[in-house]
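*Asks:* As input, take input-v6.txt (compact mmCIF, N, CA, C and O atoms):
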```txt
# COMPACT_ATOMS: atom_id res chain seq x y z
N MET A 21 0.84 -1.19 0.00
CA MET A 21 0.00 0.00 0.00
C MET A 21 0.88 1.24 0.00
O MET A 21 1.92 1.26 0.62
N THR A 22 0.39 2.28 -0.65
CA THR A 22 1.15 3.53 -0.65
C THR A 22 0.96 4.23 0.69
O THR A 22 0.03 3.93 1.45
N ALA A 23 1.84 5.20 0.93
CA ALA A 23 1.75 5.95 2.19
C ALA A 23 0.40 6.66 2.31
O ALA A 23 -0.20 6.68 3.38
N THR A 24 -0.09 7.21 1.22
CA THR A 24 -1.38 7.89 1.25
C THR A 24 -2.49 6.92 1.63
O THR A 24 -3.35 7.24 2.45
N MET A 25 -2.48 5.74 1.03
CA MET A 25 -3.50 4.73 1.34
C MET A 25 -3.39 4.31 2.80
O MET A 25 -4.39 4.20 3.50
N GLU A 26 -2.18 4.05 3.26
CA GLU A 26 -1.98 3.65 4.65
C GLU A 26 -2.46 4.73 5.61
O GLU A 26 -3.12 4.43 6.61
N ASP A 27 -2.13 5.98 5.30
CA ASP A 27 -2.57 7.10 6.14
C ASP A 27 -4.09 7.21 6.16
O ASP A 27 -4.69 7.42 7.21
N TRP A 28 -4.70 7.07 4.98
CA TRP A 28 -6.16 7.16 4.88
C TRP A 28 -6.82 6.05 5.69
O TRP A 28 -7.74 6.30 6.47
N VAL A 29 -6.36 4.82 5.51
CA VAL A 29 -6.95 3.68 6.21
C VAL A 29 -6.79 3.84 7.72
O VAL A 29 -7.73 3.60 8.48
N ALA A 30 -5.63 4.28 8.16
CA ALA A 30 -5.39 4.49 9.59
C ALA A 30 -6.30 5.58 10.14
O ALA A 30 -6.90 5.42 11.22
N ALA A 31 -6.44 6.67 9.41
CA ALA A 31 -7.29 7.78 9.86
C ALA A 31 -8.76 7.37 9.89
O ALA A 31 -9.49 7.68 10.84
N LEU A 32 -9.20 6.65 8.87
CA LEU A 32 -10.59 6.21 8.81
C LEU A 32 -10.90 5.21 9.92
O LEU A 32 -11.94 5.30 10.58
N ALA A 33 -9.99 4.28 10.13
CA ALA A 33 -10.18 3.30 11.20
C ALA A 33 -10.30 4.00 12.55
O ALA A 33 -11.16 3.66 13.36
N LYS A 34 -9.45 5.00 12.77
CA LYS A 34 -9.50 5.75 14.03
C LYS A 34 -10.84 6.48 14.15
O LYS A 34 -11.49 6.46 15.19
N GLU A 35 -11.25 7.11 13.06
CA GLU A 35 -12.52 7.86 13.05
C GLU A 35 -13.71 6.95 13.33
O GLU A 35 -14.66 7.33 14.00
N LEU A 36 -13.66 5.73 12.80
CA LEU A 36 -14.75 4.77 12.98
C LEU A 36 -14.58 3.91 14.22
O LEU A 36 -15.37 2.99 14.45
N ASP A 37 -13.55 4.20 15.00
CA ASP A 37 -13.27 3.46 16.22
C ASP A 37 -13.10 1.97 15.96
O ASP A 37 -13.68 1.12 16.63
N LEU A 38 -12.28 1.66 14.94
CA LEU A 38 -12.00 0.28 14.57
C LEU A 38 -10.55 -0.05 14.89
O LEU A 38 -9.68 0.80 14.77
N ASP A 39 -10.31 -1.29 15.27
CA ASP A 39 -8.96 -1.76 15.49
C ASP A 39 -8.43 -2.25 14.15
O ASP A 39 -8.85 -3.29 13.65
N LEU A 40 -7.52 -1.49 13.56
CA LEU A 40 -7.01 -1.82 12.23
C LEU A 40 -6.28 -3.16 12.22
O LEU A 40 -6.20 -3.82 11.19
N GLY A 41 -5.79 -3.59 13.36
CA GLY A 41 -5.13 -4.88 13.44
C GLY A 41 -6.07 -6.04 13.15
O GLY A 41 -5.64 -7.14 12.85
N GLU A 42 -7.36 -5.79 13.23
CA GLU A 42 -8.36 -6.82 12.98
C GLU A 42 -8.86 -6.83 11.54
O GLU A 42 -9.72 -7.61 11.19
N VAL A 43 -8.31 -5.93 10.70
CA VAL A 43 -8.79 -5.78 9.33
C VAL A 43 -7.70 -6.23 8.35
O VAL A 43 -6.58 -5.73 8.40
N ASP A 44 -8.04 -7.15 7.46
CA ASP A 44 -7.12 -7.59 6.42
C ASP A 44 -7.33 -6.70 5.21
O ASP A 44 -8.14 -6.99 4.32
N VAL A 45 -6.62 -5.57 5.20
CA VAL A 45 -6.78 -4.57 4.15
C VAL A 45 -6.47 -5.18 2.78
O VAL A 45 -7.20 -4.94 1.81
N GLN A 46 -5.41 -5.96 2.68
CA GLN A 46 -5.05 -6.54 1.38
C GLN A 46 -6.14 -7.46 0.85
O GLN A 46 -6.43 -7.46 -0.34
N ALA A 47 -6.77 -8.23 1.73
CA ALA A 47 -7.86 -9.11 1.29
C ALA A 47 -9.01 -8.30 0.73
O ALA A 47 -9.61 -8.67 -0.30
N LEU A 48 -9.33 -7.18 1.36
CA LEU A 48 -10.41 -6.32 0.86
C LEU A 48 -10.04 -5.69 -0.47
O LEU A 48 -10.87 -5.58 -1.38
N LEU A 49 -8.78 -5.28 -0.62
CA LEU A 49 -8.34 -4.72 -1.90
C LEU A 49 -8.39 -5.78 -3.00
O LEU A 49 -8.77 -5.48 -4.14
N ASP A 50 -8.04 -7.00 -2.66
CA ASP A 50 -8.10 -8.09 -3.64
C ASP A 50 -9.53 -8.36 -4.08
O ASP A 50 -9.80 -8.55 -5.28
N VAL A 51 -10.46 -8.36 -3.14
CA VAL A 51 -11.87 -8.57 -3.47
C VAL A 51 -12.37 -7.43 -4.35
O VAL A 51 -13.07 -7.66 -5.35
N ALA A 52 -12.02 -6.20 -4.01
CA ALA A 52 -12.43 -5.05 -4.82
C ALA A 52 -11.88 -5.16 -6.24
O ALA A 52 -12.59 -4.89 -7.22
N ARG A 53 -10.62 -5.58 -6.36
CA ARG A 53 -10.01 -5.75 -7.68
C ARG A 53 -10.76 -6.80 -8.49
O ARG A 53 -11.10 -6.58 -9.67
N ASP A 54 -11.05 -7.93 -7.86
CA ASP A 54 -11.76 -9.01 -8.56
C ASP A 54 -13.13 -8.54 -9.04
O ASP A 54 -13.52 -8.81 -10.18
N ALA A 55 -13.84 -7.85 -8.20
CA ALA A 55 -15.17 -7.37 -8.57
C ALA A 55 -15.09 -6.32 -9.68
O ALA A 55 -15.86 -6.36 -10.64
N ALA A 56 -14.13 -5.40 -9.57
CA ALA A 56 -14.00 -4.34 -10.56
C ALA A 56 -13.61 -4.89 -11.93
O ALA A 56 -14.12 -4.44 -12.95
N HIS A 57 -12.73 -5.87 -11.95
CA HIS A 57 -12.23 -6.39 -13.23
C HIS A 57 -13.11 -7.48 -13.82
O HIS A 57 -13.15 -7.65 -15.03
N SER A 58 -13.80 -8.23 -12.98
CA SER A 58 -14.58 -9.36 -13.47
C SER A 58 -16.07 -9.05 -13.63
O SER A 58 -16.76 -9.74 -14.39
N VAL A 59 -16.56 -8.07 -12.90
CA VAL A 59 -17.99 -7.73 -12.97
C VAL A 59 -18.07 -6.38 -13.67
O VAL A 59 -18.09 -6.32 -14.90
N VAL A 60 -18.14 -5.31 -12.93
CA VAL A 60 -18.04 -3.93 -13.43
C VAL A 60 -17.40 -3.10 -12.33
O VAL A 60 -17.48 -3.44 -11.15
N ARG A 61 -16.75 -2.01 -12.71
CA ARG A 61 -16.02 -1.20 -11.73
C ARG A 61 -16.87 -0.78 -10.53
O ARG A 61 -16.42 -0.87 -9.39
N PRO A 62 -18.12 -0.33 -10.74
CA PRO A 62 -18.92 0.07 -9.57
C PRO A 62 -19.23 -1.07 -8.61
O PRO A 62 -19.67 -0.82 -7.49
N ALA A 63 -18.99 -2.30 -9.01
CA ALA A 63 -19.23 -3.43 -8.11
C ALA A 63 -18.20 -3.47 -6.98
O ALA A 63 -18.47 -4.06 -5.93
N ALA A 64 -17.03 -2.86 -7.16
CA ALA A 64 -15.96 -2.93 -6.16
C ALA A 64 -16.38 -2.38 -4.80
O ALA A 64 -16.27 -3.09 -3.79
N PRO A 65 -16.85 -1.14 -4.70
CA PRO A 65 -17.21 -0.65 -3.37
C PRO A 65 -18.41 -1.37 -2.76
O PRO A 65 -18.44 -1.61 -1.56
N LEU A 66 -19.35 -1.74 -3.59
CA LEU A 66 -20.51 -2.47 -3.07
C LEU A 66 -20.12 -3.84 -2.57
O LEU A 66 -20.60 -4.30 -1.53
N THR A 67 -19.21 -4.49 -3.28
CA THR A 67 -18.73 -5.81 -2.87
C THR A 67 -18.01 -5.74 -1.53
O THR A 67 -18.27 -6.54 -0.63
N THR A 68 -17.11 -4.76 -1.38
CA THR A 68 -16.38 -4.66 -0.13
C THR A 68 -17.30 -4.27 1.02
O THR A 68 -17.11 -4.73 2.15
N PHE A 69 -18.32 -3.46 0.74
CA PHE A 69 -19.29 -3.14 1.79
C PHE A 69 -20.01 -4.40 2.24
O PHE A 69 -20.14 -4.67 3.44
N LEU A 70 -20.49 -5.19 1.28
CA LEU A 70 -21.24 -6.40 1.62
C LEU A 70 -20.35 -7.42 2.33
O LEU A 70 -20.81 -8.08 3.28
N VAL A 71 -19.09 -7.52 1.93
CA VAL A 71 -18.15 -8.40 2.63
C VAL A 71 -17.99 -7.92 4.07
O VAL A 71 -18.02 -8.71 5.02
N GLY A 72 -17.83 -6.61 4.24
CA GLY A 72 -17.68 -6.05 5.59
C GLY A 72 -18.93 -6.27 6.43
O GLY A 72 -18.84 -6.57 7.62
N TYR A 73 -20.06 -6.12 5.81
CA TYR A 73 -21.33 -6.32 6.52
C TYR A 73 -21.45 -7.78 6.99
O TYR A 73 -21.78 -8.05 8.14
N ALA A 74 -21.15 -8.71 6.08
CA ALA A 74 -21.20 -10.12 6.44
C ALA A 74 -20.16 -10.44 7.52
O ALA A 74 -20.45 -11.19 8.46
N ALA A 75 -18.98 -9.86 7.40
CA ALA A 75 -17.93 -10.10 8.39
C ALA A 75 -18.35 -9.54 9.75
O ALA A 75 -18.06 -10.15 10.79
N GLY A 76 -19.01 -8.40 9.75
CA GLY A 76 -19.48 -7.81 11.00
C GLY A 76 -20.46 -8.73 11.72
O GLY A 76 -20.43 -8.83 12.95
N ARG A 77 -21.27 -9.41 10.96
CA ARG A 77 -22.20 -10.37 11.56
C ARG A 77 -21.45 -11.53 12.18
O ARG A 77 -21.88 -12.10 13.18
N ARG A 78 -20.29 -11.90 11.61
CA ARG A 78 -19.49 -13.01 12.14
C ARG A 78 -18.63 -12.58 13.32
O ARG A 78 -18.11 -13.42 14.05
N ALA A 79 -18.43 -11.27 13.48
CA ALA A 79 -17.50 -10.77 14.49
C ALA A 79 -17.85 -11.22 15.90
O ALA A 79 -16.97 -11.46 16.72
N ALA A 80 -19.13 -11.36 16.18
CA ALA A 80 -19.54 -11.77 17.51
C ALA A 80 -18.99 -13.16 17.87
O ALA A 80 -18.75 -13.45 19.03
N ALA A 81 -18.75 -13.96 16.85
CA ALA A 81 -18.21 -15.29 17.07
C ALA A 81 -16.68 -15.29 17.05
O ALA A 81 -16.06 -16.34 17.21
N GLY A 82 -16.08 -14.12 16.81
CA GLY A 82 -14.63 -14.02 16.78
C GLY A 82 -14.00 -14.47 15.47
O GLY A 82 -12.80 -14.67 15.39
N ASP A 83 -14.80 -14.62 14.41
CA ASP A 83 -14.29 -15.06 13.12
C ASP A 83 -13.74 -13.89 12.32
O ASP A 83 -14.08 -12.73 12.57
N ASP A 84 -12.90 -14.20 11.32
CA ASP A 84 -12.35 -13.15 10.47
C ASP A 84 -13.12 -13.08 9.16
O ASP A 84 -14.09 -13.81 8.96
N ILE A 85 -12.67 -12.22 8.24
CA ILE A 85 -13.39 -12.02 6.99
C ILE A 85 -12.90 -12.91 5.85
O ILE A 85 -13.40 -12.80 4.75
N ALA A 86 -11.94 -13.77 6.11
CA ALA A 86 -11.38 -14.61 5.05
C ALA A 86 -12.45 -15.38 4.27
O ALA A 86 -12.42 -15.39 3.04
N PRO A 87 -13.41 -16.01 4.94
CA PRO A 87 -14.42 -16.75 4.17
C PRO A 87 -15.25 -15.84 3.26
O PRO A 87 -15.55 -16.21 2.12
N GLU A 88 -15.61 -14.66 3.76
CA GLU A 88 -16.39 -13.73 2.95
C GLU A 88 -15.59 -13.25 1.75
O GLU A 88 -16.10 -13.16 0.63
N CYS A 89 -14.31 -12.93 1.97
CA CYS A 89 -13.46 -12.48 0.87
C CYS A 89 -13.31 -13.59 -0.18
O CYS A 89 -13.40 -13.32 -1.38
N ALA A 90 -13.11 -14.80 0.26
CA ALA A 90 -12.95 -15.92 -0.68
C ALA A 90 -14.22 -16.13 -1.49
O ALA A 90 -14.17 -16.33 -2.71
N LYS A 91 -15.37 -16.09 -0.81
CA LYS A 91 -16.64 -16.27 -1.52
C LYS A 91 -16.87 -15.16 -2.54
O LYS A 91 -17.27 -15.41 -3.68
N ALA A 92 -16.62 -13.92 -2.14
CA ALA A 92 -16.84 -12.78 -3.03
C ALA A 92 -15.89 -12.82 -4.22
O ALA A 92 -16.29 -12.56 -5.36
N SER A 93 -14.62 -13.15 -3.98
CA SER A 93 -13.65 -13.23 -5.08
C SER A 93 -14.01 -14.35 -6.05
O SER A 93 -13.93 -14.18 -7.26
N ALA A 94 -14.39 -15.49 -5.51
CA ALA A 94 -14.77 -16.61 -6.37
C ALA A 94 -15.97 -16.27 -7.24
O ALA A 94 -16.00 -16.56 -8.44
N LEU A 95 -16.95 -15.62 -6.64
CA LEU A 95 -18.13 -15.23 -7.41
C LEU A 95 -17.76 -14.21 -8.48
O LEU A 95 -18.16 -14.32 -9.64
N ALA A 96 -16.95 -13.22 -8.11
CA ALA A 96 -16.57 -12.17 -9.06
C ALA A 96 -15.77 -12.73 -10.23
O ALA A 96 -16.04 -12.40 -11.38
N THR A 97 -14.80 -13.58 -9.94
CA THR A 97 -13.93 -14.08 -11.01
C THR A 97 -14.63 -15.09 -11.91
O THR A 97 -14.19 -15.33 -13.02
N SER A 98 -15.74 -15.66 -11.44
CA SER A 98 -16.49 -16.59 -12.29
C SER A 98 -17.73 -15.93 -12.89
O SER A 98 -18.51 -16.59 -13.55
N TRP A 99 -17.89 -14.65 -12.65
CA TRP A 99 -19.09 -13.93 -13.06
C TRP A 99 -19.22 -13.89 -14.58
O TRP A 99 -18.28 -13.53 -15.28
N ALA A 100 -20.36 -14.25 -15.08
CA ALA A 100 -20.67 -14.15 -16.50
C ALA A 100 -21.98 -13.38 -16.62
O ALA A 100 -23.02 -13.88 -16.19
N PRO A 101 -21.92 -12.17 -17.16
CA PRO A 101 -23.15 -11.38 -17.28
C PRO A 101 -24.22 -12.12 -18.06
O PRO A 101 -23.91 -12.89 -18.98
N GLU A 102 -25.44 -11.90 -17.68
CA GLU A 102 -26.56 -12.58 -18.35
C GLU A 102 -26.80 -11.97 -19.72
O GLU A 102 -26.54 -10.88 -20.01
```
Please express the file's structure as structure tokens.
*Replies:*
Amino acid sequence: MTATMEDWVAALAKELDLDLGEVDVQALLDVARDAAHSVVRPAAPLTTFLVGYAAGRRAAAGDDIAPECAKASALATSWAPE
């Protein structure tokens, strides 16, 4: 990640009262890339939001977002528009 990206992520996490150590930033960037390149560019932010939302539901159990990222990437990379 570039310094600007790292600074932005750190500032946003602080603003949202999130522990950045619990967030796999690279996994989210990978999912966004897969959605943007395999589906359509606007799918990237929506995909990462939905992954985060699903991960938030799992947080109570102490789970991470790896399963959500894997599912979203697999769906994006196999996506065939109707």
*Asks:* Counting all atoms listed in the file, what is within 8 Å of range 94-98 of chain A, bar same-chain residues fewer than 6 positions away, as a ChimeraX atom specification?
*Replies:* /A:51,53-60,87-88
*Asks:* Can you measure atom O of Leu49 in chain A to atom C of Ala81 in chain A for me? One decimal in Å is fine.
*Replies:*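 It comes out at 24.7 Å.
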*Asks:* Neighbourhood query: residues within 8 Å of (-13.4, -6.1, 1.7), file coordinates, counting all atoms listed in the file; return as JSON, numbers by chain.
*Replies:* {"A": [44, 45, 46, 47, 48, 49, 50, 51, 52, 64, 65, 67, 68, 69, 70, 71, 72, 73, 85, 88, 89]}
*Asks:* Just asking: which residues within chain A are alpha helix (DSSP H) according to DSSP, as number ranges by chain?
*Replies:* A: 23-35, 45-58, 63-79, 86-97
*Asks:* Tell me, in Å to one decimal, how far atom O of Gly82 in chain A is from atom O of Glu42 in chain A.
*Replies:*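 A separation of 8.8 Å between them.
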*Asks:* Nearest to Val43 in chain A: which of A:Ser93, A:Pro62, A:Trp99, A:Ala79 is it, counting only C-alpha atoms?
*Replies:*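 Among A:Ser93, A:Pro62, A:Trp99, A:Ala79, it is A:Ala79 that comes nearest to Val43 in chain A.
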*Asks:* What is the atom C of Leu66 in chain A to atom O of Trp28 in chain A distance in Å?
*Replies:* 18.4 Å
